[in-house]
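Pasting data.tsv here (TSV, C-alpha atoms):
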chain	number	residue	atom	x	y	z
A	18	MET	CA	-66.98	1.62	34.21
A	19	THR	CA	-65.79	4.22	31.69
A	20	TYR	CA	-68.07	6.67	29.95
A	21	ALA	CA	-67.36	4.94	26.64
A	22	LYS	CA	-68.49	1.60	28.05
A	23	GLN	CA	-71.69	3.18	29.33
A	24	ILE	CA	-72.61	3.99	25.75
A	25	HIS	CA	-71.32	0.71	24.27
A	26	LEU	CA	-72.55	-0.32	20.85
A	27	SER	CA	-75.51	-2.75	20.91
A	28	LEU	CA	-76.01	-5.92	18.90
A	29	GLY	CA	-78.27	-3.93	16.64
A	30	THR	CA	-75.33	-1.63	15.95
A	31	LEU	CA	-73.22	-4.59	14.91
A	32	ALA	CA	-75.83	-5.38	12.30
A	33	LEU	CA	-75.67	-1.74	11.25
A	34	LEU	CA	-71.90	-2.03	10.93
A	35	ILE	CA	-72.34	-4.74	8.31
A	36	THR	CA	-74.70	-2.48	6.36
A	37	ALA	CA	-72.34	0.44	6.88
A	38	THR	CA	-69.42	-1.51	5.49
A	39	VAL	CA	-71.34	-2.12	2.29
A	40	LEU	CA	-72.35	1.54	2.17
A	41	TYR	CA	-68.77	2.70	2.67
A	42	ALA	CA	-67.57	0.34	-0.07
A	43	VAL	CA	-70.11	1.96	-2.43
A	44	PHE	CA	-68.81	5.41	-1.44
A	45	ARG	CA	-65.23	4.40	-2.10
A	46	GLN	CA	-65.95	2.74	-5.44
A	47	THR	CA	-68.39	5.25	-6.92
A	48	GLY	CA	-67.47	8.44	-5.09
A	49	GLY	CA	-71.09	9.06	-4.21
A	50	ALA	CA	-74.42	7.68	-3.10
A	51	LYS	CA	-78.01	8.86	-2.89
A	52	PRO	CA	-78.36	11.38	-0.03
A	53	GLY	CA	-80.16	10.20	3.07
A	54	PRO	CA	-83.40	11.86	4.19
A	55	LEU	CA	-81.92	13.70	7.20
A	56	PHE	CA	-78.35	14.69	6.31
A	57	SER	CA	-77.47	15.40	2.71
A	58	PHE	CA	-74.01	14.58	1.36
A	59	THR	CA	-73.24	12.63	-1.78
A	60	GLN	CA	-69.53	12.04	-1.25
A	61	ILE	CA	-67.43	11.18	1.75
A	62	PRO	CA	-66.81	14.36	3.80
A	63	ASP	CA	-63.29	15.73	4.19
A	64	SER	CA	-63.71	16.34	7.91
A	65	ILE	CA	-66.18	15.75	10.72
A	66	LEU	CA	-65.80	17.69	13.97
A	67	LEU	CA	-67.47	16.49	17.17
A	68	TYR	CA	-67.54	19.15	19.89
A	69	GLN	CA	-68.37	17.26	23.08
A	70	VAL	CA	-68.53	18.38	26.71
A	71	HIS	CA	-65.15	16.85	27.61
A	72	ASP	CA	-63.53	16.18	24.23
A	73	THR	CA	-63.14	17.71	20.81
A	74	VAL	CA	-62.88	14.96	18.22
A	75	LYS	CA	-61.50	16.14	14.87
A	76	LEU	CA	-61.83	13.47	12.19
A	77	MET	CA	-59.89	14.35	9.03
A	78	ARG	CA	-59.69	12.42	5.74
A	79	SER	CA	-56.57	12.27	3.58
A	80	ALA	CA	-55.05	10.02	0.93
A	81	ALA	CA	-53.40	8.03	3.74
A	82	GLY	CA	-56.70	7.46	5.56
A	83	TRP	CA	-58.62	9.05	8.41
A	84	THR	CA	-57.03	10.62	11.46
A	85	VAL	CA	-58.47	11.66	14.81
A	86	ASN	CA	-56.79	14.70	16.34
A	87	GLY	CA	-53.70	13.91	14.26
A	88	MET	CA	-53.57	10.20	15.17
A	89	PRO	CA	-54.54	7.22	12.96
A	90	ALA	CA	-58.27	6.63	13.31
A	91	ASP	CA	-60.26	3.40	13.59
A	92	GLU	CA	-61.74	2.99	10.10
A	93	GLU	CA	-64.64	0.87	11.39
A	94	ARG	CA	-65.71	3.70	13.69
A	95	ILE	CA	-65.58	6.11	10.73
A	96	THR	CA	-67.65	3.70	8.64
A	97	LEU	CA	-70.26	3.48	11.38
A	98	LEU	CA	-70.38	7.26	11.81
A	99	LEU	CA	-70.91	7.86	8.09
A	100	ALA	CA	-73.65	5.25	7.96
A	101	ALA	CA	-75.36	6.69	11.04
A	102	MET	CA	-75.57	10.08	9.36
A	103	GLN	CA	-76.49	8.79	5.92
A	104	GLN	CA	-79.24	6.41	7.08
A	105	SER	CA	-80.85	8.44	9.87
A	106	VAL	CA	-84.40	9.64	9.36
A	107	VAL	CA	-86.77	11.81	11.35
A	108	ARG	CA	-89.10	9.63	13.36
A	109	ARG	CA	-91.18	12.53	14.62
A	110	PRO	CA	-90.83	16.08	15.98
A	111	ALA	CA	-90.16	16.31	19.71
A	112	ALA	CA	-93.30	16.62	21.81
A	113	GLN	CA	-94.21	20.26	22.34
A	114	ASN	CA	-93.94	19.97	26.13
A	115	GLN	CA	-90.40	18.53	25.77
A	116	ALA	CA	-89.00	20.68	22.98
A	117	ASP	CA	-87.76	23.55	25.15
A	118	SER	CA	-86.04	21.30	27.73
A	119	LEU	CA	-84.49	19.17	24.97
A	120	ALA	CA	-83.22	22.31	23.26
A	121	ARG	CA	-81.51	23.37	26.50
A	122	ILE	CA	-79.96	19.92	26.92
A	123	LEU	CA	-78.73	19.97	23.33
A	124	GLU	CA	-77.22	23.42	23.85
A	125	GLN	CA	-75.53	22.62	27.17
A	126	ALA	CA	-74.62	18.94	26.95
A	127	GLY	CA	-75.27	17.81	23.39
A	128	VAL	CA	-72.59	17.10	20.81
A	129	ARG	CA	-72.22	19.78	18.14
A	130	VAL	CA	-71.36	18.12	14.85
A	131	GLU	CA	-69.82	20.03	11.92
A	132	VAL	CA	-69.39	18.32	8.55
A	133	TYR	CA	-67.21	19.73	5.77
A	134	GLY	CA	-66.42	18.59	2.24
A	135	GLY	CA	-68.25	16.26	-0.12
A	136	THR	CA	-70.34	17.87	-2.83
A	137	GLY	CA	-72.75	19.68	-0.54
A	138	LYS	CA	-72.35	22.77	1.59
A	139	PRO	CA	-70.93	22.40	5.11
A	140	PHE	CA	-73.63	21.64	7.63
A	141	ALA	CA	-73.92	21.39	11.40
A	142	PHE	CA	-76.31	19.98	13.97
A	143	ARG	CA	-76.52	19.05	17.64
A	144	ILE	CA	-77.24	15.55	18.85
A	145	THR	CA	-77.94	13.88	22.19
A	146	GLY	CA	-79.91	10.94	23.50
A	147	ASN	CA	-80.71	8.40	26.17
A	148	GLU	CA	-79.38	4.88	25.64
A	149	SER	CA	-81.85	3.11	27.92
A	150	PRO	CA	-84.94	3.81	25.80
A	151	MET	CA	-82.78	4.04	22.63
A	152	LYS	CA	-83.90	7.60	21.91
A	153	THR	CA	-81.82	10.11	19.93
A	154	PHE	CA	-82.68	13.78	19.39
A	155	VAL	CA	-81.22	16.14	16.81
A	156	GLN	CA	-81.43	19.90	16.41
A	157	ARG	CA	-80.58	21.12	12.93
A	158	HIS	CA	-81.99	24.63	13.32
A	159	ALA	CA	-82.85	26.79	16.31
A	160	GLY	CA	-86.17	25.73	17.75
A	161	GLU	CA	-86.36	22.53	15.72
A	162	VAL	CA	-85.83	19.34	17.73
A	163	VAL	CA	-86.64	15.97	16.15
A	164	GLU	CA	-86.37	12.36	17.28
A	165	VAL	CA	-84.11	10.37	14.97
A	166	THR	CA	-83.94	6.67	14.15
A	167	ILE	CA	-82.49	4.30	11.56
A	168	PRO	CA	-85.24	2.28	9.88
A	169	GLY	CA	-85.01	-1.44	10.52
A	170	TYR	CA	-82.59	-1.17	13.46
A	171	ARG	CA	-83.13	-0.75	17.18
A	172	VAL	CA	-79.97	1.20	17.74
A	173	PHE	CA	-78.79	4.12	19.86
A	174	VAL	CA	-77.86	6.49	17.05
A	175	ALA	CA	-76.33	9.18	19.29
A	176	GLY	CA	-73.87	6.70	20.84
A	177	ILE	CA	-71.32	6.89	18.04
A	178	PHE	CA	-71.27	10.72	18.23
A	179	MET	CA	-70.70	10.64	21.99
A	180	LEU	CA	-67.61	8.42	21.96
A	181	PRO	CA	-64.54	10.22	23.37
A	182	GLU	CA	-61.28	10.70	21.48
A	183	THR	CA	-59.74	7.53	22.90
A	184	GLU	CA	-62.47	5.39	21.31
A	185	TRP	CA	-61.68	6.73	17.83
A	186	VAL	CA	-57.96	5.98	17.81
A	187	ASN	CA	-56.69	3.00	15.80
A	188	ARG	CA	-55.49	0.51	18.43
A	189	ARG	CA	-52.52	-0.71	16.39
A	190	ILE	CA	-49.38	0.25	18.35
A	191	PHE	CA	-46.59	-0.41	15.84
A	192	ASN	CA	-47.00	-0.03	12.10
A	193	PHE	CA	-44.22	-2.18	10.70
A	194	ASN	CA	-43.79	-5.38	8.71
A	195	TRP	CA	-40.93	-7.50	7.43
A	196	ARG	CA	-40.30	-5.09	4.54
A	197	ASN	CA	-39.65	-2.03	6.71
A	198	PHE	CA	-38.37	-3.64	9.94
A	199	ARG	CA	-34.71	-3.13	10.88
A	200	SER	CA	-34.33	-3.93	14.58
A	201	LEU	CA	-36.04	-4.32	17.93
A	202	ALA	CA	-34.67	-3.70	21.40
A	203	ALA	CA	-36.42	-4.88	24.57
A	204	ILE	CA	-35.01	-3.21	27.69
A	205	PHE	CA	-35.85	-4.18	31.27
A	206	PRO	CA	-34.34	-1.51	33.55
A	207	GLY	CA	-34.68	-3.60	36.69
A	208	HIS	CA	-33.24	-6.75	35.08
A	209	PRO	CA	-30.64	-5.74	32.47
A	210	ALA	CA	-29.55	-9.36	31.90
A	211	ASP	CA	-33.01	-10.04	30.49
A	212	SER	CA	-32.77	-7.30	27.86
A	213	PHE	CA	-32.15	-8.23	24.24
A	214	THR	CA	-31.77	-6.81	20.73
A	215	VAL	CA	-33.10	-8.35	17.53
A	216	ALA	CA	-31.35	-7.58	14.25
A	217	PHE	CA	-30.54	-9.11	10.86
A	218	ASN	CA	-27.40	-11.24	11.02
A	219	GLY	CA	-26.86	-11.44	7.28
A	220	ARG	CA	-29.12	-14.47	6.79
A	221	PHE	CA	-32.06	-14.01	9.13
A	222	PHE	CA	-33.18	-12.10	12.20
A	223	SER	CA	-31.77	-13.28	15.51
A	224	VAL	CA	-31.15	-12.17	19.09
A	225	LYS	CA	-27.70	-10.63	19.19
A	226	GLY	CA	-25.03	-12.65	20.96
A	227	MET	CA	-27.13	-15.80	21.39
A	228	PRO	CA	-28.09	-18.92	19.40
A	229	THR	CA	-31.70	-18.11	18.57
A	230	ASP	CA	-34.84	-20.17	18.23
A	231	THR	CA	-35.93	-18.47	14.99
A	232	ALA	CA	-39.42	-19.97	15.07
A	233	ARG	CA	-40.08	-18.39	18.47
A	234	LEU	CA	-38.50	-15.12	17.39
A	235	ASN	CA	-40.50	-14.91	14.17
A	236	THR	CA	-43.73	-15.58	16.07
A	237	TYR	CA	-42.81	-12.89	18.58
A	238	LEU	CA	-42.05	-10.33	15.87
A	239	ASP	CA	-45.32	-11.11	14.09
A	240	GLU	CA	-47.29	-10.63	17.30
A	241	ILE	CA	-45.49	-7.39	18.16
A	242	SER	CA	-46.08	-6.01	14.65
A	243	LEU	CA	-49.83	-6.69	15.00
A	244	LEU	CA	-50.08	-5.59	18.64
A	245	GLU	CA	-53.23	-3.66	19.50
A	246	ALA	CA	-54.11	-1.91	22.73
A	247	ASP	CA	-57.09	-3.22	24.67
A	248	GLY	CA	-58.03	0.42	25.14
A	249	PHE	CA	-56.73	3.94	25.69
A	250	LEU	CA	-56.98	6.23	28.68
A	251	PRO	CA	-57.63	9.98	28.43
A	252	SER	CA	-54.91	12.08	30.02
A	253	ARG	CA	-57.27	13.14	32.80
A	254	SER	CA	-57.68	9.47	33.82
A	255	LEU	CA	-53.97	8.64	34.17
A	256	PRO	CA	-53.07	7.43	37.67
A	257	ASP	CA	-51.32	10.01	39.84
A	258	THR	CA	-48.65	7.44	40.71
A	259	LEU	CA	-47.50	7.09	37.08
A	260	ALA	CA	-44.88	9.85	37.40
A	261	SER	CA	-43.10	7.96	40.18
A	262	ALA	CA	-43.80	4.41	38.97
A	263	GLU	CA	-40.89	2.14	38.04
A	264	CYS	CA	-40.74	1.31	34.35
A	265	ALA	CA	-41.27	-2.43	33.80
A	266	GLY	CA	-39.86	-2.44	30.29
A	267	ILE	CA	-39.27	-0.56	27.07
A	268	ILE	CA	-39.68	-1.88	23.53
A	269	LYS	CA	-38.04	0.08	20.72
A	270	ILE	CA	-38.61	-0.56	17.01
A	271	THR	CA	-36.42	0.91	14.27
A	272	THR	CA	-37.59	0.78	10.66
A	273	VAL	CA	-35.36	0.71	7.56
A	274	SER	CA	-36.19	4.38	7.00
A	275	GLY	CA	-34.77	5.21	10.43
A	276	GLN	CA	-38.11	5.83	12.12
A	277	ASP	CA	-38.11	4.99	15.83
A	278	LEU	CA	-41.23	3.65	17.54
A	279	SER	CA	-41.22	2.85	21.22
A	280	ILE	CA	-43.44	2.06	24.17
A	281	GLN	CA	-42.68	2.32	27.89
A	282	LEU	CA	-44.51	-0.20	30.06
A	283	PHE	CA	-45.69	0.28	33.62
A	284	PRO	CA	-47.42	-2.25	35.91
A	285	ALA	CA	-51.06	-1.47	36.69
A	286	GLY	CA	-52.44	-4.34	38.76
A	287	ASN	CA	-52.82	-7.34	36.46
A	288	ARG	CA	-52.50	-5.09	33.41
A	289	LEU	CA	-49.76	-3.06	31.76
A	290	LEU	CA	-49.99	0.62	30.94
A	291	GLY	CA	-48.08	1.68	27.83
A	292	ILE	CA	-46.82	5.19	27.00
A	293	THR	CA	-45.75	5.84	23.40
A	294	GLY	CA	-45.72	9.62	23.02
A	295	TYR	CA	-47.64	9.40	19.74
A	296	LEU	CA	-50.81	7.71	21.02
A	297	PRO	CA	-52.88	8.11	24.21
A	298	ALA	CA	-51.82	5.96	27.15
A	299	ALA	CA	-52.66	2.37	26.23
A	300	TRP	CA	-53.49	-0.57	28.45
A	301	PHE	CA	-52.92	-4.28	27.86
A	302	SER	CA	-54.17	-7.38	29.62
A	303	GLY	CA	-54.07	-11.19	29.39
A	304	ASN	CA	-51.66	-12.73	26.90
A	305	LYS	CA	-50.51	-9.29	25.74
A	306	THR	CA	-48.81	-8.66	29.07
A	307	THR	CA	-46.90	-11.92	28.62
A	308	LEU	CA	-45.90	-10.95	25.08
A	309	LEU	CA	-44.68	-7.51	26.11
A	310	THR	CA	-42.50	-8.90	28.93
A	311	ARG	CA	-40.74	-11.70	27.02
A	312	ARG	CA	-37.20	-12.11	28.39
A	313	ARG	CA	-33.99	-12.87	26.52
A	314	SER	CA	-33.77	-16.49	27.68
A	315	TRP	CA	-37.13	-17.35	26.07
A	316	PHE	CA	-35.52	-17.03	22.62
A	317	ARG	CA	-32.44	-19.16	23.35
A	318	GLN	CA	-32.21	-22.16	21.08
A	319	GLY	CA	-32.90	-25.34	23.05
A	320	GLU	CA	-34.63	-23.50	25.94
A	321	HIS	CA	-38.01	-25.25	25.64

Encoding of this model in structure tokens:
Amino acid sequence: MTYAKQIHLSLGTLALLITATVLYAVFRQTGGAKPGPLFSFTQIPDSILLYQVHDTVKLMRSAAGWTVNGMPADEERITLLLAAMQQSVVRRPAAQNQADSLARILEQAGVRVEVYGGTGKPFAFRITGNESPMKTFVQRHAGEVVEVTIPGYRVFVAGIFMLPETEWVNRRIFNFNWRNFRSLAAIFPGHPADSFTVAFNGRFFSVKGMPTDTARLNTYLDEISLLEADGFLPSRSLPDTLASAECAGIIKITTVSGQDLSIQLFPAGNRLLGITGYLPAAWFSGNKTTLLTRRRSWFRQGEH
């Protein structure tokens, strides 16, 4: 089980996400909201930096949306993070006999959070917690350790701050649609006869050199355009055998602007591991493995 799964979001957090979505909508429409009782910012921050033990997560906001370490970020995660900060309140100061040990834990293994932008001054704090009893502790100033909660929710507040980089990345693999799509090539190095290229033939998209079942092809292109990874692997978790593994397939997308997007696929048990070069290593399972290994003959008109 991965570290991210060990701190999975609870059902209470899902309820929080609904509240957070409303909160984020208010931010976006009004440009501000009443500051929360623990962390004070009245507009969406420009950046939030999470310095963890094994990862540094840099969340940056721009006109095009949020990024995480230069990659497109999962907006729902951002929404949840903003709500967690805005709605958190001090439940009580840490017990005196625990304060010193908690301070050491926060210093050595806690997440240091730095928030910049908005209308307030930049601020920073450290956060850690224990998921089993749903306890979260925050240190805003040296010597001050407080237990934090979100009123009305039994939720592990620290969990969202502890998620590694791979849990913040938007899982969408290809960002194209019919308006900016030019061509697709599926290459199977071990079975070249199964490879195919999709392009516009002057009237519609088809598989080059073959009478094409356009209904099947259109469904395939829709599913590829919306493809999302089931998850990402940090570089330190990549299998040692990947360097010598035989590539199961390559999918290349070319947009009308000439941008090339591609993914190399490698077998990993009953899953596929995908390497793009612009996202962390992705993994796919179930029907997605079938989609990613469609062969040329599947699109031939009359092959049903």

With 10 Å as the threshold, what does the neighbourhood of (-76.3, 22.0, 24.3) contain in terms of residues, counting only C-alpha atoms? Coordinates are those of the file; answer as a VMD selection string. chain A and resid 69 to 70 119 to 129 143 to 145 156

Sel. within 6 Å of pt (-82.0, 7.4, 10.4), counting only C-alpha atoms, output as a list in words: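 Using only C-alpha atoms, the matching residues come out as Gln104, Ser105, Val106, Val165, Thr166 and Ile167 of chain A.
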
If we count all atoms listed in the file and set the cut-off at 8 Å, which residues sit around Tyr295 (chain A), ignoring sequence neighbours fewer than 2 positions away in its own chain? Please answer as an mmCIF file with C-alpha atoms, in the coordinates of the input.
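Result saved to selection_17.cif:
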data_model
loop_
_atom_site.group_PDB
_atom_site.id
_atom_site.type_symbol
_atom_site.label_atom_id
_atom_site.label_comp_id
_atom_site.auth_asym_id
_atom_site.auth_seq_id
_atom_site.Cartn_x
_atom_site.Cartn_y
_atom_site.Cartn_z
ATOM 1 C CA MET A 88 -53.570 10.200 15.170
ATOM 2 C CA THR A 293 -45.750 5.840 23.400
ATOM 3 C CA PRO A 297 -52.880 8.110 24.210
#

Near-Asp239 (chain A) list (12 Å; only C-alpha atoms; drop same-chain fewer than 4 positions) as a PyMOL selection string: chain A and resi 191-195+198+231-235+243-244+308

Using all atoms listed in the file, the shortest atom-to-atom distance to Glu93 (chain A) among A:Arg188, A:Lys305, A:His71, A:Lys138 belongs to A:Arg188

Long-range neighbours of Glu164 (chain A) as a PDB file with C-alpha atoms, keeping the file's coordinate frame, 7 Å cut-off, all atoms listed in the file, 3 positions minimum in chain:
ATOM      1  CA  VAL A 107     -86.770  11.810  11.350  1.00  0.00           C
ATOM      2  CA  ARG A 108     -89.100   9.630  13.360  1.00  0.00           C
ATOM      3  CA  ARG A 109     -91.180  12.530  14.620  1.00  0.00           C
ATOM      4  CA  PRO A 110     -90.830  16.080  15.980  1.00  0.00           C
ATOM      5  CA  ALA A 111     -90.160  16.310  19.710  1.00  0.00           C
ATOM      6  CA  THR A 153     -81.820  10.110  19.930  1.00  0.00           C
ATOM      7  CA  PHE A 154     -82.680  13.780  19.390  1.00  0.00           C
ATOM      8  CA  VAL A 155     -81.220  16.140  16.810  1.00  0.00           C
TER       9      VAL A 155
END

Option closest in space to Gln281 (chain A), from A:Asp247, A:Thr236, A:Phe205, A:Thr214 [counting only C-alpha atoms]: A:Phe205

Tell me which protein, DNA and RNA residues are within 12 Å of Pro228 (chain A), counting all atoms listed in the file, leaving out same-chain ones fewer than 3 positions away, and put them as a count of residues only. 16

Spatial neighbours of Ser252 (chain A), 12 Å, all atoms listed in the file, chain gap at least 6 places, as a PyMOL selection string: chain A and resi 71-72+181-183+259+292+294+296-299

Counting all atoms listed in the file, which residue out of A:Ala202, A:Val130, A:Met102, A:Ile270 sits closest to Ile65 (chain A)?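 The answer is A:Val130, which sits nearest to Ile65 (chain A).
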